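Only one structure is covered here, and it is reproduced in the block below.
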Amino acid sequence: SLRPAGLELGAGGSRAAGSCSGLALRALPPPLSPGTMWLSPEEVLLANALWVTERANPFFVLQRRKGHGRGGGLTGLLVGTLDVVLDSSARVAPYRILHQTQDSQVYWNIACGTCRKEITGHWEWLELNLLQTLSVFDNEEDVTTFVKGKVQGILAEENKNKEVKEDEDSGKFKEAELKMRKLFGMPEVEKLVNYYSCSYWKGRVPRQGWVYLSVNHLCFYSFLLGKEVKLVIRWVDVTQLEKNATLLFPECIKVSIRDREHYLSMFLNINETFKLMEQLANIAMRHLLDNEGFSEDKCLPKLKKSLKNVSALKRDLDARAKNERYRSTFQLPKDERLDGHTDCTLWTPFNKMHIMGQMFVSNNYICFASKEEEVCNLIIPLREVTIVEKADSSSVLPSPLSISTKNKMTFLFANLKDRDFLVQKISDFLQRTPSRRSCSKEELRNPKSTESEVLPEQSEGSSRSSSTSSPGVVLDSTEAAPTATQALMTIFRKEPQEELSSKMAKEKMKEESWKIHFFEFGRGVCMYRTPKTRDLVLKGMPESLRGELWLLFSGALNEMVTHPGYYSDLVQESAGKYNLATEEIERDLHRSMPEHPAFQNEMGIAALRRVLTAYAFRNPNIGYCQAMNIVTSVLLLYCNEEEAFWLLIALCERMLPDYYNTRVVGALVDQGVFEELTREHLPLLYEWMQELGVISTISLSWFLTLFLSVMPFESAVVVVDCFFYEGIKVIFQVSLAVLEANMEKLLNCFDEGEAMTILGRYLDNVCNKQSTSPPIPHLHALLTNGDDIPPQIDIFELIKSSYEKFGSIRADAIEQMRFKQRLKVIQTLEDTAKRSVVRAILTETAFTIEELEELYLLFKAKHLMSCYWGGSSSAAERHDLSQPYLEQYRIDSEQFRELFLALSPWTCGLHSQVLAGRMFRLLDKNKDSLISFKEFVTGLSGMYHGDHIEKLKLLYKLHLPPALWPEEESALEAAQYFVEDPLADVSHDVAAGGEASGQQVQEDAANANTKQKRDEKTASQDYRYHLRMWAHEKENPKENIKELTKMNQEQFIEMCKTLYNMFSEDPDEGELYHAIATVATLLLQMGEVGKLFCSPGSRRANDMGDHRGLGLQNKEGVSAMDQAKTEGAQPKLKADCDILSDTLKTQMERMKLAECVATKRESSAAQLLSDEEVRDDTSMSSYSMVSSGSLPCEDISEDTVLVGSEHVAGGHGRPNSIDTDWSISFEQILASVLTESALVGFFDKRVVVGPKIAKCKSQRVVERQVSSSSDQDLSPSSS
């Protein structure tokens, strides 16, 4: 790595340079830009090979790479092709600065840049700060030493301000990341993970280039002999990702999106590339599923030496994959992080052998796994370790390490390569491990909860005894319902009948077998797990040990021991609180195993309620899902409440991931895996059952409840025993065995119902002949026909058959299939959500289904982009999975502005930005600065499909509050906004009181609105709230145009400006301009007439008058005095109106003239600059000139300059001549517009949204940043 060397050389170089100019150089820091980098000086022998010198002075040379930018001829094309194919452009940026001396032939590369504008900044800094200083030196060697030292000092200063993770990335990788951002317009927050050389098949022609894998995108770039190919795919759009080999595409990766497939091949390491693609696609699916974005691991250990071409993100993802495998293999908590692993041997006392394997060390555990699968696994929690010591080495036992635990077990490892380092690492972790904690009251009542205190000779009765009057029952003073401190099966166990005595003998034999196993292999977490352990599990766990073994093999025991008091705290926190989850829990409590006596009384029901409610409060993303009640009730039969709670956590969060969320995604994923396994192992049956549609029906009920809802209870718990030991593969094996046992009957079925009946009868007759509990009636008994009783199937025979025929299924193969199915399931759910949204909104808009679907995809893309690259709100606020589909995706004002500019039919030039902001505020009804897709489409539909009245009304409301910001109104206008209705028939004094009361009413309304919002937020989880809101929206009456607020003079001027900008690009611009000038003149006159009737003097003189409208006489006429006043005011009124109308025309003409002048000046300026300079410099802006004598209004845009301004009011350039008494109504505007056919035709003109959508889709998904402007035009990429 160049960067650490730079730190050392920088310090020495600064000292060698002396102090003559050190202070001067520090005074002006060098320019820092994301596309340009100072480099540790490297020697360059051939300075002009493949480079063109653009600037030079006695000490420095600025060069451009041949083939970069326009021109270059054949040489440029060849150089550009070589750069792409050989990846020289990732090492060599298109611009560089070399240091030279006159008498030396050696050059030093000191800076590189991605475009001319950025490299020029460094060049100018060198000229300004170094040239004069370098001229002082007499010796050229001193000059070179000074320059090199100064550049190293700059690098050292940069490194101080940069994060550690950036320093870990190699210089070559950083330049590749800069190239990716430049080619595809990515912002700095988009991090490159890795890049690979490959070929992209475009048609039947392979294009050699480079694929860039970033956190959110897959990008490909190729440049061959002048032909450029770009590809940008978002990971969230990937529907299928598979590695295959065909005749046409040898060993390629197929990346499928909804509308096409892309093939990438000729990788140097296709397995590594595909694995990384899987990880990134999985992160994207996780983001769609539960809004969990990617966050870089800040605790990743630093490497001593930077790896070539490996980024910190790539190391992060590799570490995550290893952690997942480690936790899955040993059933460890989700926050456990693997620190490292090493080869070793383990001495196994039960067979007196040294077993080869690997030792894994993490922050809380030491684990061992044998080389041969399932020969021996071992888990040693550091909380149980008492002694770690190095034993004496010998030829038989080299480098041994002995580890002793609290329960008197000693484990001997040997053949450790770096034993001293390993011991130090384990010692460090032991120092951070909490000391042995004191036993809590719960543990005193239940010693079994800590594994070190459990001894083989303890019986279930002694380990679960209680000091209360009723065994296993504690009456809580805070609750009426009793709390069970023991397993419900123990409390409600009935005395065994005589016919069960033989079964009880077998049960005792099982217990003895397990006690012998505990004696030989250990008891608790530190047990040696061998094939003998699995054989005992397959033969069935004794009921007295079932709860203990479930906790042990599932890993729930580790979490329970390390979180004392967590469950009781959750129970207290959730007591008395109600939400949608608790409602659903209450509804399902009495449906949970109602046939079992433990749930026919309040004790069992209360225990089930507490466990489910506590978990709903622990994990609100899941809350409660149907089928959780059935599984939890079985857990409570064999465990106390706290144990059942931790087992439920292990099930929902580790062993059955995503099974119990609102969309049961995990179960749907495993349904797809089951279909794939059926196709592989039972191909004949698979094809027939696909036609019947049976697999999708049966698998959900089988998987969600682990067969507990479809088998007799005594049989299903045996499947659960195996599940807690082996994981999900047991469920797949048993399911395949059930199908295989009924294959002949299923192949003769003709419909789904018949197949379901066959499978139901078969499962209902799966019996457990060894069960010591009285038989519990099963719901599926109703399916059995009394005349044709099917034979009984022993559950142990079924499980044995499943292992014999389908035991080859591996856990890693299941995970691979799960990834493939997860892509398909989540994308299918997203498509379903899209269709649901479109159906829900179809009746409220005139857009077609296809247009709504395209708009939804564009809206969702903007939402996702805001989640990737940040915004004014968090991703959780934007994507609320608890909301209906219509409300889930939301965008802020910036994303809305981009969509508005791309899709709006009202093109207003620079004024479109202002109009977009007003439209956003108008649509944001709840004032949360976010709008949903429904609100977005509502606003867009009004512009596209409304008649001229609706469009005018929308335009009118865009120039009134809340669309018009208070900052956009003058202080005078804002003061007059909340006045009483000028048409009200009241006196001036009464109106004053009315104003005060109106303010009070508004305050009360505001308080009510605030309370309503708070109540709505509290009840947002309640489905009934959404139903009420939906019904309210359906009943919402159409808005009456007479209820619209009147518009003051400044708002009217803003509306005129908007109309002028809308007409400026229309073919009939001249006619429309004349029409709006005529209408505006008429409306100005009407406003002046109305002003006479709303002024205070007029009101006092007309106390008894009845002014029903502006400019209209009352029914009884006017008095002579009023008529005289009106006639006297006519000359002044006419003069004022003439002045205002002339001013309006003059203003519009000058606005039009200013636009033409600006356009001409831009074109002339563009001719003076070279094409490359125009492309590099994006900071040019045009200025419009408007006379200050024009119509009083705010600037047309932010860069408008007022020429000849003599009287400017205030600091904002607002004139004082705004008339605060002037107002106009929407009815008056509508009536005036209807007099001009050109205006009516313009608003009635039908506009199609399709071309706008197509244009928006053709643009790149990611936006080019101004700071990363390119030297060559980048064509839109396809995706």
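Each chain in the structure tokens gets a letter, A, B, ..., in the order shown, and its residues are numbered from 1; ligands are numbered from 1 in order too.
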
Might you pull out every residue within 8 Å of stretch 951-963 of chain A, with only C-alpha atoms counted and same-chain residues fewer than 5 positions away left off, and present them as a compact mmCIF listing (two decimals) with all heavy atoms, in the first residue's frame?
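This went into out.txt:
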# COMPACT_ATOMS: atom_id res chain seq x y z
N LEU A 915 -43.19 25.39 -8.97
CA LEU A 915 -44.50 24.76 -9.07
C LEU A 915 -44.49 23.37 -8.43
O LEU A 915 -45.47 22.97 -7.80
CB LEU A 915 -44.91 24.66 -10.55
CG LEU A 915 -46.42 24.53 -10.83
CD1 LEU A 915 -47.16 25.75 -10.33
CD2 LEU A 915 -46.67 24.31 -12.30
N GLY A 917 -42.67 22.42 -5.86
CA GLY A 917 -42.73 22.59 -4.41
C GLY A 917 -44.13 22.92 -3.93
O GLY A 917 -44.59 22.42 -2.90
N ARG A 918 -44.85 23.74 -4.70
CA ARG A 918 -46.22 24.08 -4.31
C ARG A 918 -47.14 22.87 -4.42
O ARG A 918 -48.01 22.66 -3.56
CB ARG A 918 -46.73 25.22 -5.19
CG ARG A 918 -46.00 26.53 -4.95
CD ARG A 918 -46.41 27.57 -5.95
NE ARG A 918 -45.66 28.82 -5.76
CZ ARG A 918 -45.67 29.83 -6.61
NH1 ARG A 918 -46.39 29.75 -7.72
NH2 ARG A 918 -44.97 30.92 -6.36
N MET A 919 -46.96 22.08 -5.47
CA MET A 919 -47.80 20.89 -5.63
C MET A 919 -47.54 19.91 -4.48
O MET A 919 -48.48 19.30 -3.96
CB MET A 919 -47.49 20.22 -6.97
CG MET A 919 -48.27 18.93 -7.22
SD MET A 919 -50.06 19.19 -7.38
CE MET A 919 -50.13 19.67 -9.10
N PHE A 920 -46.29 19.76 -4.07
CA PHE A 920 -45.98 18.86 -2.96
C PHE A 920 -46.68 19.31 -1.69
O PHE A 920 -47.28 18.50 -0.97
CB PHE A 920 -44.47 18.80 -2.75
CG PHE A 920 -44.06 17.88 -1.64
CD1 PHE A 920 -43.88 16.53 -1.88
CD2 PHE A 920 -43.85 18.36 -0.35
CE1 PHE A 920 -43.50 15.67 -0.85
CE2 PHE A 920 -43.47 17.51 0.67
CZ PHE A 920 -43.30 16.16 0.41
N ARG A 921 -46.62 20.58 -1.39
CA ARG A 921 -47.27 21.08 -0.16
C ARG A 921 -48.78 20.95 -0.24
O ARG A 921 -49.45 20.74 0.77
CB ARG A 921 -46.85 22.53 0.07
CG ARG A 921 -45.40 22.69 0.45
CD ARG A 921 -45.08 24.11 0.87
NE ARG A 921 -45.11 25.06 -0.23
CZ ARG A 921 -44.09 25.31 -1.04
NH1 ARG A 921 -42.95 24.67 -0.88
NH2 ARG A 921 -44.19 26.19 -2.02
N LEU A 922 -49.34 21.08 -1.44
CA LEU A 922 -50.79 20.93 -1.59
C LEU A 922 -51.21 19.48 -1.35
O LEU A 922 -52.26 19.22 -0.74
CB LEU A 922 -51.20 21.38 -3.00
CG LEU A 922 -52.70 21.32 -3.31
CD1 LEU A 922 -53.47 22.30 -2.44
CD2 LEU A 922 -52.96 21.61 -4.78
N GLY A 942 -54.99 15.04 -11.83
CA GLY A 942 -55.66 16.32 -11.99
C GLY A 942 -55.09 17.14 -13.12
O GLY A 942 -55.82 17.85 -13.83
N MET A 943 -53.77 17.04 -13.34
CA MET A 943 -53.15 17.78 -14.43
C MET A 943 -53.39 17.14 -15.79
O MET A 943 -53.42 17.82 -16.81
CB MET A 943 -51.64 17.89 -14.18
CG MET A 943 -51.27 18.76 -12.99
SD MET A 943 -49.50 19.02 -12.85
CE MET A 943 -48.98 17.41 -12.29
N GLY A 946 -58.23 16.07 -15.80
CA GLY A 946 -59.32 16.96 -15.43
C GLY A 946 -59.80 17.79 -16.61
O GLY A 946 -59.05 18.04 -17.56
N ILE A 1041 -66.70 24.88 -5.78
CA ILE A 1041 -65.80 25.97 -6.17
C ILE A 1041 -66.13 27.26 -5.41
O ILE A 1041 -65.27 28.13 -5.28
CB ILE A 1041 -65.87 26.21 -7.70
CG1 ILE A 1041 -67.28 26.60 -8.13
CG2 ILE A 1041 -65.41 24.98 -8.45
CD1 ILE A 1041 -67.37 26.96 -9.60
N THR A 1045 -61.00 29.78 -1.16
CA THR A 1045 -60.58 31.08 -0.61
C THR A 1045 -60.29 32.06 -1.74
O THR A 1045 -59.82 31.67 -2.82
CB THR A 1045 -59.31 30.89 0.24
OG1 THR A 1045 -59.55 29.85 1.18
CG2 THR A 1045 -58.96 32.18 0.98
N MET A 1047 -58.36 35.08 -3.72
CA MET A 1047 -56.95 35.29 -4.04
C MET A 1047 -56.63 36.77 -3.98
O MET A 1047 -57.38 37.60 -4.52
CB MET A 1047 -56.67 34.72 -5.45
CG MET A 1047 -55.24 34.84 -5.92
SD MET A 1047 -55.03 34.10 -7.55
CE MET A 1047 -54.99 32.37 -7.13
N GLN A 1051 -50.88 36.93 -5.00
CA GLN A 1051 -51.14 35.57 -5.43
C GLN A 1051 -51.60 35.54 -6.88
O GLN A 1051 -51.22 34.64 -7.65
CB GLN A 1051 -52.18 34.92 -4.51
CG GLN A 1051 -51.68 34.73 -3.09
CD GLN A 1051 -52.81 34.49 -2.10
OE1 GLN A 1051 -54.00 34.60 -2.46
NE2 GLN A 1051 -52.46 34.18 -0.85
N PHE A 1052 -52.41 36.50 -7.27
CA PHE A 1052 -52.87 36.58 -8.65
C PHE A 1052 -51.69 36.82 -9.60
O PHE A 1052 -51.61 36.24 -10.69
CB PHE A 1052 -53.92 37.70 -8.78
CG PHE A 1052 -54.36 37.94 -10.20
CD1 PHE A 1052 -55.16 37.01 -10.85
CD2 PHE A 1052 -53.98 39.08 -10.89
CE1 PHE A 1052 -55.57 37.24 -12.16
CE2 PHE A 1052 -54.38 39.30 -12.19
CZ PHE A 1052 -55.18 38.38 -12.83
N GLU A 1054 -48.61 35.91 -9.07
CA GLU A 1054 -47.88 34.65 -9.16
C GLU A 1054 -48.55 33.69 -10.13
O GLU A 1054 -47.89 32.98 -10.89
CB GLU A 1054 -47.79 34.00 -7.77
CG GLU A 1054 -46.81 34.65 -6.82
CD GLU A 1054 -45.38 34.44 -7.27
OE1 GLU A 1054 -45.09 33.41 -7.89
OE2 GLU A 1054 -44.56 35.34 -7.02
N MET A 1055 -49.87 33.68 -10.13
CA MET A 1055 -50.59 32.80 -11.04
C MET A 1055 -50.38 33.24 -12.49
O MET A 1055 -50.24 32.40 -13.39
CB MET A 1055 -52.08 32.80 -10.67
CG MET A 1055 -52.92 31.84 -11.48
SD MET A 1055 -54.62 31.75 -10.86
CE MET A 1055 -55.35 30.71 -12.11
N PHE A 1226 -62.37 32.51 -7.45
CA PHE A 1226 -62.17 31.53 -8.51
C PHE A 1226 -63.28 31.61 -9.55
O PHE A 1226 -63.04 31.43 -10.76
CB PHE A 1226 -62.12 30.12 -7.92
CG PHE A 1226 -62.04 29.04 -8.96
CD1 PHE A 1226 -60.88 28.84 -9.69
CD2 PHE A 1226 -63.13 28.23 -9.24
CE1 PHE A 1226 -60.80 27.86 -10.67
CE2 PHE A 1226 -63.06 27.25 -10.21
CZ PHE A 1226 -61.90 27.06 -10.92
N LEU A 1230 -62.64 31.88 -13.50
CA LEU A 1230 -63.20 30.90 -14.42
C LEU A 1230 -64.07 31.56 -15.48
O LEU A 1230 -63.95 31.27 -16.68
CB LEU A 1230 -64.01 29.86 -13.64
CG LEU A 1230 -64.74 28.80 -14.47
CD1 LEU A 1230 -63.75 27.98 -15.27
CD2 LEU A 1230 -65.57 27.90 -13.56
N PHE A 1243 -56.48 24.26 -21.90
CA PHE A 1243 -56.74 23.43 -20.73
C PHE A 1243 -57.57 22.20 -21.05
O PHE A 1243 -57.58 21.24 -20.27
CB PHE A 1243 -57.44 24.26 -19.65
CG PHE A 1243 -56.53 25.20 -18.93
CD1 PHE A 1243 -56.56 26.57 -19.17
CD2 PHE A 1243 -55.60 24.73 -18.03
CE1 PHE A 1243 -55.71 27.44 -18.52
CE2 PHE A 1243 -54.74 25.59 -17.37
CZ PHE A 1243 -54.79 26.95 -17.62

Can you tell me which residues surround A:His262 at a distance of at most 8 Å, considering only C-alpha atoms, apart from same-chain residues fewer than 4 positions away, and format the answer as a short mmCIF file (atom, residue, chain, number, x, y, z; two decimals) with C-alpha atoms, in the first residue's frame?
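Output contents, as saved in around10.cif:
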data_model
loop_
_atom_site.label_atom_id
_atom_site.label_comp_id
_atom_site.auth_asym_id
_atom_site.auth_seq_id
_atom_site.Cartn_x
_atom_site.Cartn_y
_atom_site.Cartn_z
CA TYR A 200 -21.37 -9.35 -21.20
CA TRP A 201 -23.38 -11.03 -23.93
CA LYS A 254 -27.57 -15.32 -15.49
CA VAL A 255 -29.06 -12.20 -13.93
CA SER A 256 -32.81 -11.98 -14.50
#

Nearest residue to A:Asn282 from the set A:Ser513, A:Thr342, A:Asn216, A:Ser370 (distances using only C-alpha atoms):
A:Asn216

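If you look at atom CA of A:Val1079 and atom CA of A:Leu1059, they are 11.5 Å away from each other.
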
Coordinates-based distance that separates atom CA of A:Tyr686 from atom CA of A:Leu241 (Å, one decimal)
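It comes out at 23.4 Å.
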
Contact residues around A:Val710 with only C-alpha atoms at 8 Å, ignoring same-chain residues under 6 positions, as a list in words:
Ser701, Trp702, Gly760, Leu763, Asp764 and His780 of chain A

Write the selection just made, keeping C-alpha atoms, as a JSON list (two decimals), in the first residue's frame?
[["chain", "number", "residue", "atom", "x", "y", "z"],
["A", 701, "SER", "CA", -49.98, -25.74, 7.22],
["A", 702, "TRP", "CA", -47.27, -28.37, 7.63],
["A", 760, "GLY", "CA", -55.30, -35.61, 5.79],
["A", 763, "LEU", "CA", -51.49, -37.80, 8.80],
["A", 764, "ASP", "CA", -54.38, -38.24, 11.18],
["A", 780, "HIS", "CA", -58.60, -34.37, 11.60]]

Distance in Å - atom CA of A:Gly672 versus atom CA of A:Thr697
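For atom CA of A:Gly672 relative to atom CA of A:Thr697, the distance reads 11.7 Å.
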
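Residues within 12 Å of A:Glu520, counting only C-alpha atoms and excluding same-chain residues fewer than 2 positions away, are A:Thr348, A:Pro349, A:Phe350, A:Asn351, A:Lys352, A:Met409, A:Pro456, A:Ser513, A:Trp514, A:Lys515, A:Ile516, A:His517, A:Phe518, A:Gly522, A:Arg523, A:Met527, A:Tyr528, A:Arg529, A:Thr530, A:Lys532, A:Thr533.
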
For the interface of stretch 219-282 of chain A with stretch 862-868 of chain A (cut-off 12 Å, counting only C-alpha atoms), please tabulate each contacting residue of stretch 219-282 of chain A alongside its nearest pair of atoms and their separation in Å to one decimal, rows sorted by chain and increasing number, as a tab-separated table.
residue	atom	partner	partner_atom	distance
A:Arg234	CA	A:Leu864	CA	9.9
A:Trp235	CA	A:Leu864	CA	10.9
A:Val236	CA	A:Leu864	CA	8.8
A:Asp237	CA	A:Leu864	CA	10.9

Could you name the residues that touch A:Ile253 at 10 Å or less, counting only C-alpha atoms, but leaving out those on the same chain fewer than 6 positions away, as a list in words?
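Once the adjacent positions are removed, what remains is Tyr200, Leu241, Glu242, Lys243, Asn244, Ala245, His262, Tyr263, Leu264, Ser265, Met266, Phe267, Ile270, Asn271, Thr273, Phe274 and Met277 of chain A.
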
Who sits within 12 Å of stretch 816-825 of chain A, only C-alpha atoms, same chain under 6 positions skipped, as a ChimeraX atom specification
/A:235-243,255-258,274-275,277-289,656-658,663-677,728-729,809-810,831-832

With distances taken over only C-alpha atoms, the candidate from A:Phe723, A:Trp869, A:Tyr762, A:Phe859 nearest A:Met711 is A:Tyr762
